[in-house]
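J.: The structure follows.
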Amino acid sequence: MTTITHETASPLRGRFSEDVETTFRVWFGLRRFLVADAVTDELYEDLETVLGEGAVRPDPSDCAVIADRLRNATAELVNVVPRLISLYSEMEGEAVADQMPITVLLSAEWPAAGAEYGHLVRFANAVLALLDLMGEAAEA
């Protein structure tokens with residue numbers, strides 16, 4: 001099937017900006033959009049619950065619930081981080097690429113009874129380290 005379209009039918013014709021500031025805003029917005037499903041306020045609340053100053057040791061069932069949410073966030077990040085690495089400097093990209101497998105391994109780990117809290121703390125620290133390496137793109 002062939003479609004013939006007049007050259008003036010393009011809705012974007014003549015509307016592109018070459019302004020560096022505009023380009024940076026669009027680039028930053030796209031990065032934030034990519035991570036929006038994984039990096040949520042709930043994720044930061046879970047990290048605060050586990051690692052924050054006033055953190056108290058949750059019971060094993062709460063540890064399991066928080067770990068499941070961290071696993072879901074990690075699964076989302078696995079889809080997003082490879083797309084973002086190309087936008088980082090070489091050194092930053094390598095640091096993110098090195099941290100990702102650690103986080104994924106911890107997300108796949110199912111701790112034995114009694115070891116849930118220690119695992120949750122290690123897992124939360126790995127997620128937080130990854131978010132720190134991602135920088136502004138991970139800010140909610």
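Residue numbering restarts at 1 for every chain of the structure tokens, chains are lettered A, B, ... in their displayed order, and ligands are numbered from 1 as they appear.
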What are the closest atom pairs, with distances in Å to one decimal, for all residues of region 33-101 of chain A lying within 10 Å of region 121-135 of chain A? Consider only C-alpha atoms, order rows by chain and residue number, and present the result as CSV.
T.:
```
residue,atom,partner,partner_atom,distance
A:Val35,CA,A:Met134,CA,9.9
A:Val39,CA,A:Leu131,CA,8.4
A:Leu43,CA,A:Val127,CA,9.5
A:Tyr44,CA,A:Leu128,CA,8.7
A:Asp46,CA,A:Ala124,CA,8.3
A:Leu47,CA,A:Ala124,CA,6.0
A:Glu48,CA,A:Ala124,CA,9.2
A:Thr49,CA,A:Ala124,CA,9.8
A:Val50,CA,A:Val121,CA,6.4
A:Leu51,CA,A:Val121,CA,7.0
A:Arg57,CA,A:Val121,CA,9.8
A:Cys63,CA,A:Val121,CA,9.4
A:Ile66,CA,A:Ala124,CA,9.3
A:Ala67,CA,A:Phe123,CA,7.8
A:Leu70,CA,A:Ala124,CA,7.4
A:Arg71,CA,A:Phe123,CA,9.0
A:Ala73,CA,A:Val127,CA,8.8
A:Thr74,CA,A:Val127,CA,7.5
A:Leu77,CA,A:Leu130,CA,9.3
A:Val81,CA,A:Met134,CA,8.4
A:Leu84,CA,A:Met134,CA,8.5
A:Ile85,CA,A:Met134,CA,8.8
A:Tyr88,CA,A:Met134,CA,8.7
A:Glu92,CA,A:Leu133,CA,7.1
A:Gly93,CA,A:Leu133,CA,8.7
A:Glu94,CA,A:Leu133,CA,9.9
A:Ala95,CA,A:Leu133,CA,7.0
A:Val96,CA,A:Leu133,CA,5.9
A:Ala97,CA,A:Leu130,CA,9.2
A:Asp98,CA,A:Leu130,CA,9.3
A:Gln99,CA,A:Leu130,CA,6.0
A:Met100,CA,A:Leu130,CA,6.8
A:Pro101,CA,A:Ala126,CA,9.8
```
J.: Which distance in Å separates CA of Gly118 (chain A) and CA of Ala36 (chain A), to one decimal?
T.: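 Going from CA of Gly118 (chain A) over to CA of Ala36 (chain A) covers 27.9 Å.
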J.: Just the number, please: distance in Å from CA of Ala115 (chain A) to CA of Pro60 (chain A), one decimal.
T.: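 Value for the CA of Ala115 (chain A)-CA of Pro60 (chain A) distance: 8.8 Å.
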J.: How many Å lie between CA of Leu34 (chain A) and CA of Val80 (chain A), rounded to one decimal?
T.: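 Interatomic distance, CA of Leu34 (chain A) to CA of Val80 (chain A): 6.3 Å.
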